[in-house]
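Structure below is upload.txt: compact mmCIF, C-alpha atoms and all ligand atoms.
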```txt
# COMPACT_ATOMS: atom_id res chain seq x y z
CA MET A 850 -15.39 20.77 17.77
CA ARG A 851 -15.77 17.31 19.37
CA THR A 852 -15.94 13.73 18.10
CA GLN A 853 -15.20 10.22 19.33
CA VAL A 854 -12.28 9.51 16.98
CA ALA A 855 -10.14 12.23 15.34
CA ILE A 856 -8.65 10.65 12.22
CA ILE A 857 -5.55 12.32 10.78
CA GLY A 858 -5.15 11.54 7.07
CA ALA A 859 -7.71 10.77 4.32
CA GLY A 860 -5.67 8.12 2.52
CA PRO A 861 -7.01 4.57 2.31
CA ALA A 862 -6.30 3.91 6.02
CA GLY A 863 -8.06 7.03 7.31
CA LEU A 864 -11.10 6.86 5.04
CA LEU A 865 -11.62 3.11 5.51
CA LEU A 866 -11.35 3.58 9.27
CA SER A 867 -14.00 6.34 9.21
CA HIS A 868 -16.23 4.05 7.10
CA LEU A 869 -15.92 0.99 9.38
CA LEU A 870 -16.35 3.12 12.52
CA ALA A 871 -19.51 4.68 11.09
CA GLN A 872 -20.86 1.20 10.33
CA GLY A 873 -20.12 0.25 13.95
CA GLY A 874 -21.89 3.35 15.29
CA VAL A 875 -18.77 5.37 16.21
CA ASP A 876 -18.38 9.02 15.11
CA SER A 877 -15.23 10.43 13.61
CA VAL A 878 -13.87 13.57 11.96
CA VAL A 879 -11.16 13.26 9.29
CA LEU A 880 -8.42 15.88 8.74
CA GLU A 881 -6.40 15.95 5.51
CA THR A 882 -3.73 18.39 4.35
CA ARG A 883 -4.30 17.78 0.63
CA SER A 884 -7.35 18.54 -1.51
CA GLU A 885 -10.02 15.92 -2.26
CA GLU A 886 -9.05 16.02 -5.97
CA TYR A 887 -5.40 15.40 -5.12
CA VAL A 888 -6.01 12.36 -2.89
CA ALA A 889 -8.44 10.89 -5.45
CA ALA A 890 -5.92 11.16 -8.29
CA ARG A 891 -2.68 9.91 -6.66
CA ILE A 892 -1.28 6.93 -8.56
CA ARG A 893 0.06 4.31 -6.21
CA ALA A 894 -0.49 0.62 -5.53
CA GLY A 895 -2.41 -1.71 -7.85
CA ILE A 896 -2.95 -5.11 -6.25
CA LEU A 897 -5.51 -6.14 -3.65
CA GLU A 898 -4.96 -9.39 -1.84
CA HIS A 899 -7.74 -11.85 -1.11
CA SER A 900 -8.54 -10.70 2.43
CA SER A 901 -8.52 -7.00 1.41
CA VAL A 902 -11.13 -7.76 -1.25
CA GLU A 903 -13.22 -9.70 1.28
CA LEU A 904 -13.02 -6.86 3.77
CA LEU A 905 -13.93 -4.15 1.22
CA GLU A 906 -16.79 -6.28 0.02
CA SER A 907 -18.14 -6.95 3.51
CA ALA A 908 -17.99 -3.19 4.14
CA GLY A 909 -20.19 -2.53 1.10
CA LEU A 910 -17.28 -1.21 -0.97
CA GLY A 911 -16.96 -4.09 -3.44
CA ALA A 912 -19.42 -3.28 -6.24
CA ARG A 913 -17.14 -1.35 -8.62
CA LEU A 914 -14.17 -3.53 -7.65
CA ARG A 915 -16.08 -6.65 -8.78
CA ALA A 916 -17.40 -4.94 -11.93
CA GLU A 917 -14.25 -3.13 -13.08
CA GLY A 918 -11.39 -4.90 -11.27
CA ASP A 919 -9.64 -7.91 -12.74
CA GLU A 920 -9.18 -11.14 -10.80
CA HIS A 921 -5.77 -12.78 -11.31
CA ARG A 922 -4.96 -16.39 -10.48
CA GLY A 923 -1.25 -15.66 -9.97
CA ILE A 924 1.87 -14.02 -11.39
CA TYR A 925 4.72 -14.81 -13.78
CA LEU A 926 8.25 -15.03 -12.40
CA GLN A 927 10.88 -14.55 -15.04
CA TRP A 928 14.62 -14.39 -15.71
CA PRO A 929 16.49 -14.43 -19.04
CA GLY A 930 15.27 -17.36 -21.11
CA GLU A 931 12.59 -18.51 -18.64
CA ARG A 932 9.08 -17.46 -17.64
CA HIS A 933 7.08 -19.46 -15.07
CA HIS A 934 3.48 -19.00 -14.01
CA LEU A 935 2.70 -19.42 -10.30
CA ASP A 936 -0.98 -20.26 -9.91
CA PHE A 937 -1.97 -18.96 -6.46
CA VAL A 938 -5.48 -20.41 -6.74
CA ASN A 939 -4.16 -23.93 -7.31
CA LEU A 940 -1.50 -23.49 -4.63
CA THR A 941 -3.54 -21.77 -1.89
CA GLY A 942 -7.14 -21.37 -3.04
CA ARG A 943 -6.68 -17.58 -3.03
CA SER A 944 -6.55 -15.09 -5.90
CA VAL A 945 -5.59 -11.40 -6.09
CA TRP A 946 -7.36 -8.47 -7.78
CA VAL A 947 -5.94 -5.77 -9.99
CA TYR A 948 -7.75 -2.63 -8.84
CA GLY A 949 -5.79 0.58 -8.45
CA GLN A 950 -5.45 2.37 -5.13
CA THR A 951 -6.80 5.40 -7.00
CA GLU A 952 -10.07 3.50 -7.53
CA VAL A 953 -10.20 2.30 -3.91
CA GLN A 954 -9.71 5.90 -2.84
CA LYS A 955 -12.52 7.12 -5.14
CA ASP A 956 -14.88 4.42 -3.81
CA LEU A 957 -14.06 5.42 -0.24
CA ILE A 958 -14.61 9.13 -0.94
CA ALA A 959 -17.98 8.37 -2.56
CA ALA A 960 -19.05 6.13 0.33
CA ARG A 961 -18.03 8.63 2.98
CA ARG A 962 -19.78 11.43 1.15
CA ALA A 963 -22.95 9.31 0.98
CA GLY A 964 -22.57 8.63 4.71
CA GLY A 965 -22.29 12.34 5.55
CA GLN A 966 -18.76 11.98 6.92
CA GLU A 967 -17.15 15.17 8.18
CA ILE A 968 -13.83 15.51 6.33
CA HIS A 969 -11.74 18.67 6.42
CA TYR A 970 -9.48 18.86 3.37
CA GLU A 971 -6.61 21.31 2.90
CA VAL A 972 -6.01 21.78 6.62
CA GLY A 973 -2.68 23.08 7.93
CA ASP A 974 -0.55 23.13 11.09
CA VAL A 975 -1.92 19.83 12.41
CA VAL A 976 -0.63 19.26 15.96
CA LEU A 977 -1.52 16.40 18.33
CA HIS A 978 -1.90 17.26 22.03
CA ASP A 979 -2.09 15.28 25.28
CA VAL A 980 -2.36 11.89 23.57
CA SER A 981 -1.37 10.05 26.74
CA THR A 982 -4.24 11.61 28.73
CA ASP A 983 -8.00 11.05 28.49
CA ARG A 984 -8.38 14.51 26.91
CA PRO A 985 -6.43 14.24 23.68
CA HIS A 986 -7.05 16.88 21.03
CA VAL A 987 -5.80 18.09 17.70
CA THR A 988 -5.31 21.69 16.63
CA PHE A 989 -5.21 22.75 12.99
CA THR A 990 -6.05 25.57 10.64
CA ASP A 991 -8.95 24.96 8.30
CA LYS A 992 -9.07 25.70 4.58
CA SER A 993 -9.85 29.35 5.23
CA GLY A 994 -6.92 29.70 7.65
CA GLN A 995 -9.09 29.68 10.81
CA ALA A 996 -7.54 28.02 13.90
CA VAL A 997 -9.65 25.03 15.06
CA ARG A 998 -9.48 22.68 18.06
CA LEU A 999 -10.83 19.14 17.69
CA ASP A 1000 -11.43 17.23 20.95
CA ALA A 1001 -11.73 13.45 20.79
CA ALA A 1002 -11.55 10.38 23.00
CA VAL A 1003 -9.12 8.74 20.58
CA ILE A 1004 -6.79 10.00 17.84
CA ALA A 1005 -6.08 7.69 14.89
CA GLY A 1006 -2.81 8.55 13.13
CA CYS A 1007 -3.44 7.52 9.50
CA ASP A 1008 -1.22 10.25 8.06
CA GLY A 1009 1.33 8.17 6.20
CA SER A 1010 5.09 8.36 6.42
CA PHE A 1011 5.35 12.16 6.45
CA GLY A 1012 2.55 13.01 8.90
CA PRO A 1013 3.02 14.16 12.51
CA SER A 1014 1.42 11.15 14.26
CA ARG A 1015 4.34 8.74 14.30
CA ALA A 1016 6.53 11.28 16.14
CA ALA A 1017 3.82 11.64 18.82
CA VAL A 1018 4.67 8.13 20.09
CA PRO A 1019 7.58 8.87 22.45
CA ALA A 1020 10.26 6.24 22.95
CA ALA A 1021 9.02 4.27 19.98
CA LYS A 1022 11.43 1.68 18.68
CA THR A 1023 12.12 2.09 14.98
CA PHE A 1024 13.64 -0.30 12.45
CA GLU A 1025 14.74 0.90 9.04
CA LYS A 1026 16.42 -0.42 5.91
CA VAL A 1027 17.12 1.78 2.90
CA TYR A 1028 17.68 -0.01 -0.41
CA PRO A 1029 20.27 1.19 -2.96
CA TYR A 1030 17.73 1.40 -5.79
CA SER A 1031 14.38 2.99 -6.67
CA TRP A 1032 11.41 2.15 -8.90
CA PHE A 1033 10.81 4.20 -12.02
CA GLY A 1034 7.05 3.78 -12.60
CA ILE A 1035 5.13 4.66 -15.73
CA LEU A 1036 1.48 4.59 -16.66
CA ALA A 1037 0.79 4.09 -20.38
CA ASP A 1038 -2.29 4.19 -22.60
CA VAL A 1039 -1.75 0.77 -24.10
CA ALA A 1040 -3.35 -2.64 -23.61
CA PRO A 1041 -1.22 -4.80 -21.28
CA SER A 1042 1.10 -7.18 -23.17
CA THR A 1043 0.37 -9.88 -20.58
CA ASP A 1044 -2.69 -11.44 -18.93
CA GLU A 1045 -1.10 -11.46 -15.44
CA LEU A 1046 1.77 -9.52 -13.81
CA ILE A 1047 5.34 -10.32 -14.84
CA TYR A 1048 8.07 -9.96 -12.18
CA ALA A 1049 11.37 -10.08 -14.09
CA TRP A 1050 14.91 -10.54 -12.83
CA HIS A 1051 17.46 -9.21 -15.34
CA PRO A 1052 21.19 -8.39 -15.14
CA ASP A 1053 20.31 -4.76 -16.02
CA GLY A 1054 17.88 -4.63 -13.09
CA PHE A 1055 14.36 -5.66 -12.08
CA ALA A 1056 11.30 -4.90 -14.22
CA LEU A 1057 7.58 -5.37 -13.52
CA HIS A 1058 4.73 -5.41 -15.99
CA SER A 1059 1.49 -4.56 -14.21
CA MET A 1060 -1.74 -3.01 -15.43
CA ARG A 1061 -4.74 -0.94 -14.44
CA SER A 1062 -7.33 -1.99 -17.05
CA ALA A 1063 -7.72 -3.53 -20.51
CA THR A 1064 -6.37 -0.29 -22.00
CA VAL A 1065 -3.93 1.00 -19.37
CA SER A 1066 -0.58 -0.57 -18.47
CA ARG A 1067 1.56 0.14 -15.39
CA LEU A 1068 5.25 -0.75 -15.62
CA TYR A 1069 8.25 -0.36 -13.34
CA LEU A 1070 12.03 -0.42 -13.79
CA GLN A 1071 14.74 -0.70 -11.13
CA VAL A 1072 16.85 2.48 -11.35
CA PRO A 1073 19.64 3.97 -9.20
CA ASN A 1074 18.55 6.17 -6.29
CA GLY A 1075 18.35 9.82 -7.26
CA THR A 1076 17.26 9.11 -10.86
CA ASP A 1077 15.42 12.09 -12.37
CA PRO A 1078 12.32 10.73 -14.18
CA ALA A 1079 12.65 13.51 -16.78
CA SER A 1080 16.15 12.31 -17.68
CA TRP A 1081 14.87 9.22 -19.55
CA SER A 1082 13.30 9.58 -23.01
CA ASP A 1083 10.16 7.55 -23.78
CA ASP A 1084 12.21 5.38 -26.16
CA GLN A 1085 14.83 4.70 -23.48
CA ILE A 1086 12.09 3.60 -21.07
CA TRP A 1087 10.41 1.25 -23.56
CA ASP A 1088 13.78 -0.16 -24.71
CA ALA A 1089 14.81 -0.94 -21.14
CA LEU A 1090 11.42 -2.52 -20.42
CA ALA A 1091 11.60 -4.60 -23.62
CA THR A 1092 15.08 -5.88 -22.77
CA ARG A 1093 14.33 -6.69 -19.14
CA LEU A 1094 10.87 -8.16 -19.75
CA GLY A 1095 12.15 -10.41 -22.56
CA HIS A 1096 10.71 -8.94 -25.76
CA GLY A 1097 11.30 -11.59 -28.42
CA GLN A 1098 11.71 -14.40 -25.87
CA ASN A 1099 9.58 -17.32 -27.13
CA GLY A 1100 7.74 -14.93 -29.44
CA TRP A 1101 6.51 -12.65 -26.61
CA LYS A 1102 6.21 -8.97 -27.51
CA LEU A 1103 5.99 -5.83 -25.39
CA THR A 1104 3.75 -3.24 -27.06
CA PRO A 1105 4.78 0.34 -26.20
CA GLY A 1106 2.26 3.18 -25.90
CA LYS A 1107 1.77 6.76 -24.84
CA ILE A 1108 3.27 7.41 -21.40
CA THR A 1109 0.80 9.46 -19.34
CA ASP A 1110 2.55 9.52 -15.96
CA ARG A 1111 6.09 8.90 -14.69
CA SER A 1112 7.61 8.99 -11.21
CA VAL A 1113 10.51 7.61 -9.21
CA LEU A 1114 9.84 5.92 -5.87
CA PRO A 1115 12.72 5.30 -3.42
CA MET A 1116 12.51 2.00 -1.56
CA ARG A 1117 12.77 1.38 2.14
CA SER A 1118 11.52 -0.82 4.93
CA TYR A 1119 10.45 0.92 8.14
CA VAL A 1120 8.66 -0.40 11.21
CA GLN A 1121 7.75 1.57 14.30
CA THR A 1122 6.61 -0.12 17.48
CA PRO A 1123 4.41 0.18 19.48
CA MET A 1124 1.59 1.36 17.23
CA ARG A 1125 -0.20 2.89 20.18
CA HIS A 1126 0.58 5.46 22.82
CA GLY A 1127 -2.20 6.23 25.30
CA ASN A 1128 -5.16 7.32 23.20
CA LEU A 1129 -3.20 7.62 19.95
CA PHE A 1130 -3.32 4.64 17.58
CA LEU A 1131 -1.24 4.43 14.38
CA ALA A 1132 -2.39 2.60 11.23
CA GLY A 1133 -0.95 2.10 7.74
CA ASP A 1134 2.11 3.93 6.44
CA ALA A 1135 2.18 6.07 9.59
CA ALA A 1136 3.57 3.00 11.38
CA HIS A 1137 5.34 1.04 8.64
CA ILE A 1138 6.66 1.25 5.09
CA VAL A 1139 7.49 -1.71 2.85
CA PRO A 1140 9.31 -1.67 -0.48
CA PRO A 1141 6.63 -2.18 -3.15
CA THR A 1142 7.89 -5.47 -4.65
CA GLY A 1143 5.46 -7.64 -2.66
CA ALA A 1144 2.48 -5.32 -3.33
CA LYS A 1145 1.83 -5.13 0.42
CA GLY A 1146 1.66 -1.42 1.40
CA LEU A 1147 -2.01 -0.81 0.73
CA ASN A 1148 -3.02 -4.29 1.91
CA LEU A 1149 -1.21 -3.80 5.20
CA ALA A 1150 -2.97 -0.48 5.74
CA ILE A 1151 -6.33 -2.21 5.15
CA ALA A 1152 -5.42 -5.02 7.57
CA ASP A 1153 -4.40 -2.56 10.33
CA VAL A 1154 -7.69 -0.73 9.94
CA ALA A 1155 -9.68 -3.96 10.09
CA LEU A 1156 -8.16 -4.62 13.52
CA LEU A 1157 -8.31 -1.03 14.74
CA SER A 1158 -11.93 -0.42 13.74
CA LYS A 1159 -13.05 -3.55 15.61
CA ALA A 1160 -11.03 -2.53 18.65
CA LEU A 1161 -12.48 1.00 18.72
CA VAL A 1162 -16.05 -0.16 18.14
CA ALA A 1163 -15.69 -2.62 21.06
CA ARG A 1164 -14.26 0.12 23.22
CA PHE A 1165 -16.91 2.75 22.46
CA ARG A 1166 -19.99 0.53 22.08
CA GLU A 1167 -19.28 -2.20 24.64
CA HIS A 1168 -16.80 -0.40 26.89
CA ASP A 1169 -14.44 -3.30 26.30
CA ALA A 1170 -10.82 -2.17 25.90
CA ARG A 1171 -9.26 -5.61 25.43
CA LEU A 1172 -8.94 -5.42 21.63
CA ALA A 1173 -7.60 -1.87 21.82
CA ASP A 1174 -5.00 -3.03 24.34
CA ALA A 1175 -4.06 -5.93 22.05
CA TYR A 1176 -4.04 -3.83 18.83
CA SER A 1177 -0.36 -3.00 18.52
CA ASP A 1178 0.88 -6.56 19.14
CA ALA A 1179 -1.78 -8.07 16.88
CA ALA A 1180 -1.02 -5.65 14.04
CA GLN A 1181 2.74 -6.05 14.38
CA ARG A 1182 2.52 -9.79 13.80
CA ARG A 1183 1.28 -9.21 10.23
CA VAL A 1184 3.48 -6.12 9.78
CA TRP A 1185 6.63 -8.17 10.35
CA ARG A 1186 5.40 -11.01 8.12
CA CYS A 1187 4.78 -8.52 5.29
CA THR A 1188 8.03 -6.68 6.05
CA HIS A 1189 9.91 -9.94 5.64
CA PHE A 1190 8.04 -10.95 2.48
CA SER A 1191 8.57 -7.54 0.87
CA TRP A 1192 12.28 -7.59 1.75
CA TRP A 1193 12.57 -11.16 0.41
CA MET A 1194 10.86 -10.36 -2.91
CA THR A 1195 12.93 -7.18 -3.23
CA THR A 1196 16.31 -8.79 -2.55
CA MET A 1197 15.49 -11.81 -4.74
CA LEU A 1198 14.59 -9.69 -7.77
CA HIS A 1199 16.75 -6.51 -7.71
CA THR A 1200 20.31 -6.73 -8.99
CA SER A 1201 23.29 -5.24 -7.20
CA GLY A 1202 25.99 -5.95 -9.79
CA ASP A 1203 27.61 -8.56 -7.52
CA PRO A 1204 27.97 -11.87 -9.49
CA PHE A 1205 27.74 -13.99 -6.30
CA ASP A 1206 24.45 -12.33 -5.33
CA ALA A 1207 23.16 -12.85 -8.88
CA GLU A 1208 23.82 -16.61 -8.75
CA LEU A 1209 22.07 -16.89 -5.38
CA GLN A 1210 19.07 -14.96 -6.74
CA LEU A 1211 18.82 -17.17 -9.82
CA SER A 1212 19.10 -20.30 -7.70
CA GLN A 1213 16.34 -19.02 -5.43
CA LEU A 1214 14.12 -18.13 -8.40
CA ARG A 1215 14.61 -21.58 -9.96
CA TRP A 1216 13.69 -23.21 -6.67
CA VAL A 1217 10.59 -21.05 -6.11
CA ALA A 1218 9.39 -21.71 -9.68
CA SER A 1219 10.03 -25.46 -9.66
CA SER A 1220 9.23 -26.60 -6.13
CA GLU A 1221 5.64 -26.75 -4.93
CA ALA A 1222 6.83 -25.86 -1.43
CA GLY A 1223 8.75 -22.83 -2.74
CA ALA A 1224 5.90 -21.65 -4.94
CA THR A 1225 3.35 -22.13 -2.15
CA GLY A 1226 5.42 -20.01 0.23
CA LEU A 1227 5.43 -17.12 -2.22
CA ALA A 1228 1.75 -17.62 -3.12
CA GLU A 1229 0.59 -17.71 0.52
CA ASN A 1230 2.32 -14.43 1.29
CA TYR A 1231 1.45 -12.68 -1.97
CA ALA A 1232 -2.22 -13.66 -2.12
CA GLY A 1233 -2.32 -12.71 1.54
CA LEU A 1234 -2.69 -14.24 4.94
CA PRO A 1235 -6.10 -14.35 6.64
CA ILE A 1236 -7.22 -10.99 8.07
CA ASN A 1237 -6.80 -12.35 11.63
CA TYR A 1238 -3.31 -13.78 10.92
P1 LIG B 1 -1.31 7.36 2.70
O1 LIG B 1 -1.94 6.83 1.50
O2 LIG B 1 0.04 7.97 2.58
O3 LIG B 1 -2.30 8.42 3.33
C1 LIG B 1 -1.90 9.32 4.36
C2 LIG B 1 -2.69 10.60 4.20
O4 LIG B 1 -2.35 11.48 5.27
C3 LIG B 1 -2.35 11.34 2.92
O5 LIG B 1 -3.53 11.63 2.22
C4 LIG B 1 -1.62 12.57 3.39
O6 LIG B 1 -1.83 13.68 2.53
C5 LIG B 1 -2.24 12.77 4.76
N1 LIG B 1 -1.43 13.59 5.66
C6 LIG B 1 -0.08 13.68 5.75
N2 LIG B 1 0.26 14.56 6.69
C7 LIG B 1 -0.88 15.03 7.22
C8 LIG B 1 -1.17 15.97 8.25
N3 LIG B 1 -0.20 16.64 8.89
N4 LIG B 1 -2.46 16.20 8.55
C9 LIG B 1 -3.46 15.56 7.91
N5 LIG B 1 -3.23 14.67 6.92
C10 LIG B 1 -1.96 14.41 6.59
N6 LIG B 1 2.34 0.22 -2.44
C11 LIG B 1 2.29 -0.85 -3.20
O7 LIG B 1 1.94 -1.90 -2.71
N7 LIG B 1 2.59 -0.76 -4.55
C12 LIG B 1 2.96 0.43 -5.12
O8 LIG B 1 3.22 0.48 -6.32
C13 LIG B 1 3.03 1.55 -4.33
N8 LIG B 1 3.39 2.73 -4.86
C14 LIG B 1 3.49 3.81 -4.05
C15 LIG B 1 3.90 5.03 -4.56
C16 LIG B 1 4.05 6.14 -3.73
C17 LIG B 1 4.53 7.47 -4.31
C18 LIG B 1 3.78 6.01 -2.33
C19 LIG B 1 3.97 7.19 -1.40
C20 LIG B 1 3.35 4.79 -1.83
C21 LIG B 1 3.21 3.69 -2.68
N9 LIG B 1 2.78 2.46 -2.19
C22 LIG B 1 2.71 1.40 -2.98
C23 LIG B 1 2.39 2.28 -0.82
C24 LIG B 1 0.89 2.44 -0.63
O9 LIG B 1 0.39 3.36 -1.54
C25 LIG B 1 0.68 2.86 0.81
O10 LIG B 1 1.11 1.79 1.62
C26 LIG B 1 -0.76 3.25 1.15
O11 LIG B 1 -1.09 4.46 0.51
C27 LIG B 1 -0.91 3.42 2.66
O12 LIG B 1 -2.11 4.06 2.96
P2 LIG B 1 -2.20 5.07 4.18
O13 LIG B 1 -3.59 5.55 4.20
O14 LIG B 1 -1.61 4.44 5.40
O15 LIG B 1 -1.19 6.25 3.83
C1 LIG B 2 1.84 -2.80 -8.66
C2 LIG B 2 2.64 -2.35 -7.64
C3 LIG B 2 3.39 -3.25 -6.93
O1 LIG B 2 4.15 -2.84 -5.94
C4 LIG B 2 3.36 -4.60 -7.23
O2 LIG B 2 4.14 -5.46 -6.54
C5 LIG B 2 2.55 -5.04 -8.23
C6 LIG B 2 1.78 -4.13 -8.94
C7 LIG B 2 1.04 -1.83 -9.44
O3 LIG B 2 1.18 -0.62 -9.19
O4 LIG B 2 0.29 -2.25 -10.32
```
Turn the structure described in the file into structure tokens.
Amino acid sequence: MRTQVAIIGAGPAGLLLSHLLAQGGVDSVVLETRSEEYVAARIRAGILEHSSVELLESAGLGARLRAEGDEHRGIYLQWPGERHHLDFVNLTGRSVWVYGQTEVQKDLIAARRAGGQEIHYEVGDVVLHDVSTDRPHVTFTDKSGQAVRLDAAVIAGCDGSFGPSRAAVPAAKTFEKVYPYSWFGILADVAPSTDELIYAWHPDGFALHSMRSATVSRLYLQVPNGTDPASWSDDQIWDALATRLGHGQNGWKLTPGKITDRSVLPMRSYVQTPMRHGNLFLAGDAAHIVPPTGAKGLNLAIADVALLSKALVARFREHDARLADAYSDAAQRRVWRCTHFSWWMTTMLHTSGDPFDAELQLSQLRWVASSEAGATGLAENYAGLPINY
């Protein structure tokens, strides 16, 4: 089997890359270990920044997002006794959209199916070969267990943090920070108790009130690493959320509902550089992980793919390798900005039990909420930097 670009991974990075390459006249084949149903149902990120929305729209993927997504002007920042709205539109002219990664994934699957994209789901034993030569290839077993060889000019590693691509970059420099807490996330069949997201600092730990639609809420609690999601009763979860989100504060109420999904997500920052080795290019979680507090993971994957698709189209269609040669450095500039922002949001909002740290966090929160310069800094990063930052 032969193609121009072998894409490993059918998450948002891999599918969006196949879509943008097809629009630019470049062929690809996508390999995915999971089933189509599984990748379409995974519950993950929920916020699209301004430039991600623009990119999806310009790629013809914006119709359902505009119809069913929800545009938000900003977020609430809160700590006991205080809740402040940061209006990103007033501060930066940019909004964000609530539209689940699950929906982005479904839109991408539908678009690729309509485009006749070759995607092999439920593959096994994926191995990258000779990526530093001009004859790279991938071997795998297909759904029926048959051994297959896929030859390509380029391999795109879009296989997330557990895939084989990142290890195929020898002598890569890696940076990692593991945080001493996790997020306990729930999905609930209940109308959100807020019009925009609430990021809450509390002595018991961070809490976030997000949403998926007018009838579905998404909420998160800071919990110790290793927490078993089954070890909390529904009442314990709603009580902790009510306390941390300020139920009763200035008459605000958190309405509980039926919990339909629960999971615990450990938090870490990870950056691998370079994001290219020979004819292997990494994009998305394959090259970097951010803790979720800044809502950057999905947006960063989209931004990488925007750069990489342009670079590969220029290389295949115009025989111009300059953008491909510049890809890793260009992508890393945004990666480090988002890595810093995600670390900053995380360390400002999660409690460690240290009273000195708590006072610094509260001082920082008061400054961000009351100073236009402070608020604008957060807004610029959260609503997202331009795609060519
Ligand atoms: P992925 O979505 O991980 O896609 C990689 C794909 O590669 C997967 O489909 C995987 O099955 C496939 N794959 C793996 N190994 C192989 C192989 N050997 N061969 C072929 N395919 C392979 N971000 C936020 O901003 N907010 C959140 O709340 C949030 N929650 C998250 C919860 C979880 C459990 C996880 C894992 C991530 C979360 N993220 C969140 C991060 C965000 O979802 C990711 O940044 C985003 O999915 C990155 O997209 P990607 O395509 O690079 O990687
Ligand atoms: C969601 C996830 C985030 O990481 C975040 O910062 C905001 C919202 C969400 O899943 O809705």
- If you measure from atom N1 of ligand LIG 1 (chain B) to CA of Glu885 (chain A), what distance in Å do you get, rounded to one decimal? 11.9 Å
Axis-aligned box over every listed atom of ligand LIG 2 (chain B), padded by 3 Å per side: centre and edges in Å to one decimal, as JSON?
```
{"center_x": 2.2, "center_y": -3.0, "center_z": -8.1, "size_x": 9.9, "size_y": 10.8, "size_z": 10.4}
```
- Item | Separation of atom C19 of ligand LIG 1 (chain B) from CA of Arg893 (chain A), in Å and rounded to one decimal |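 Straight-line distance from atom C19 of ligand LIG 1 (chain B) to CA of Arg893 (chain A) works out to 6.8 Å.
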- Query: Mind listing the residues within 6 Å of ligand LIG 1 (chain B), all atoms listed in the file counted, as a PyMOL selection string?
  - Reply: chain A and resi 857-863+880-883+888+893-894+975+1007-1009+1011-1013+1114+1133-1135+1141+1144-1147+1150
- Message: Could you list, as an MDAnalysis selection string, every residue within 7 Å of region 1151-1163 of chain A, counting only C-alpha atoms and ignoring same-chain residues fewer than 5 positions away?
- Response: chainID A and resid 862 866 869:870 873 875 901 1132:1133 1168:1170 1172:1173 1176 1180 1236
Suppose we keep C-alpha atoms; can you now write the selection as an mmCIF file, in the coordinates of the input?
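New file selection21.cif:
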```cif
data_model
loop_
_atom_site.group_PDB
_atom_site.id
_atom_site.type_symbol
_atom_site.label_atom_id
_atom_site.label_comp_id
_atom_site.auth_asym_id
_atom_site.auth_seq_id
_atom_site.Cartn_x
_atom_site.Cartn_y
_atom_site.Cartn_z
ATOM 1 C CA ALA A 862 -6.300 3.910 6.020
ATOM 2 C CA LEU A 866 -11.350 3.580 9.270
ATOM 3 C CA LEU A 869 -15.920 0.990 9.380
ATOM 4 C CA LEU A 870 -16.350 3.120 12.520
ATOM 5 C CA GLY A 873 -20.120 0.250 13.950
ATOM 6 C CA VAL A 875 -18.770 5.370 16.210
ATOM 7 C CA SER A 901 -8.520 -7.000 1.410
ATOM 8 C CA ALA A 1132 -2.390 2.600 11.230
ATOM 9 C CA GLY A 1133 -0.950 2.100 7.740
ATOM 10 C CA HIS A 1168 -16.800 -0.400 26.890
ATOM 11 C CA ASP A 1169 -14.440 -3.300 26.300
ATOM 12 C CA ALA A 1170 -10.820 -2.170 25.900
ATOM 13 C CA LEU A 1172 -8.940 -5.420 21.630
ATOM 14 C CA ALA A 1173 -7.600 -1.870 21.820
ATOM 15 C CA TYR A 1176 -4.040 -3.830 18.830
ATOM 16 C CA ALA A 1180 -1.020 -5.650 14.040
ATOM 17 C CA ILE A 1236 -7.220 -10.990 8.070
#
```
Counting all atoms listed in the file, give me one row per residue of chain A with an atom at most 9 Å from an atom of ligand LIG 2 (chain B), showing the shortest contact pair and its distance in Å to one decimal, sorted by chain then residue number, as CSV.
```
residue,atom,partner,partner_atom,distance
A:Ile892,CA,B:LIG2,O3,8.0
A:Arg893,CA,B:LIG2,O3,5.9
A:Ala894,CA,B:LIG2,O3,4.2
A:Gly895,CA,B:LIG2,O4,3.7
A:Ile896,CA,B:LIG2,C6,5.5
A:Val947,CA,B:LIG2,O4,7.2
A:Tyr948,CA,B:LIG2,O4,8.2
A:Gly949,CA,B:LIG2,O4,7.0
A:Gln950,CA,B:LIG2,O3,8.3
A:Gly1034,CA,B:LIG2,O3,8.1
A:Leu1046,CA,B:LIG2,C5,7.2
A:Ile1047,CA,B:LIG2,C5,8.9
A:Tyr1048,CA,B:LIG2,O2,8.2
A:Leu1057,CA,B:LIG2,C5,7.3
A:His1058,CA,B:LIG2,C6,7.7
A:Ser1059,CA,B:LIG2,O4,4.7
A:Met1060,CA,B:LIG2,O4,5.6
A:Arg1061,CA,B:LIG2,O4,6.6
A:Ser1066,CA,B:LIG2,O4,8.4
A:Arg1067,CA,B:LIG2,O4,5.7
A:Leu1068,CA,B:LIG2,O4,7.4
A:Tyr1069,CA,B:LIG2,O3,8.2
A:Pro1140,CA,B:LIG2,O1,7.6
A:Pro1141,CA,B:LIG2,O1,3.8
A:Thr1142,CA,B:LIG2,O2,4.2
A:Gly1143,CA,B:LIG2,O2,4.6
A:Ala1144,CA,B:LIG2,O2,3.6
A:Lys1145,CA,B:LIG2,O1,7.1
A:Gly1146,CA,B:LIG2,O1,7.9
A:Ser1191,CA,B:LIG2,O2,8.9
A:Tyr1231,CA,B:LIG2,O2,9.0
```
- Message: List as a list in words the residues having at least one atom at most 6 Å from position (-0.9, 7.8, -20.3) as given in the file, counting all atoms listed in the file.
- Response: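 Selection result: Leu1036, Ala1037, Asp1038, Lys1107, Ile1108, Thr1109 and Asp1110 of chain A.
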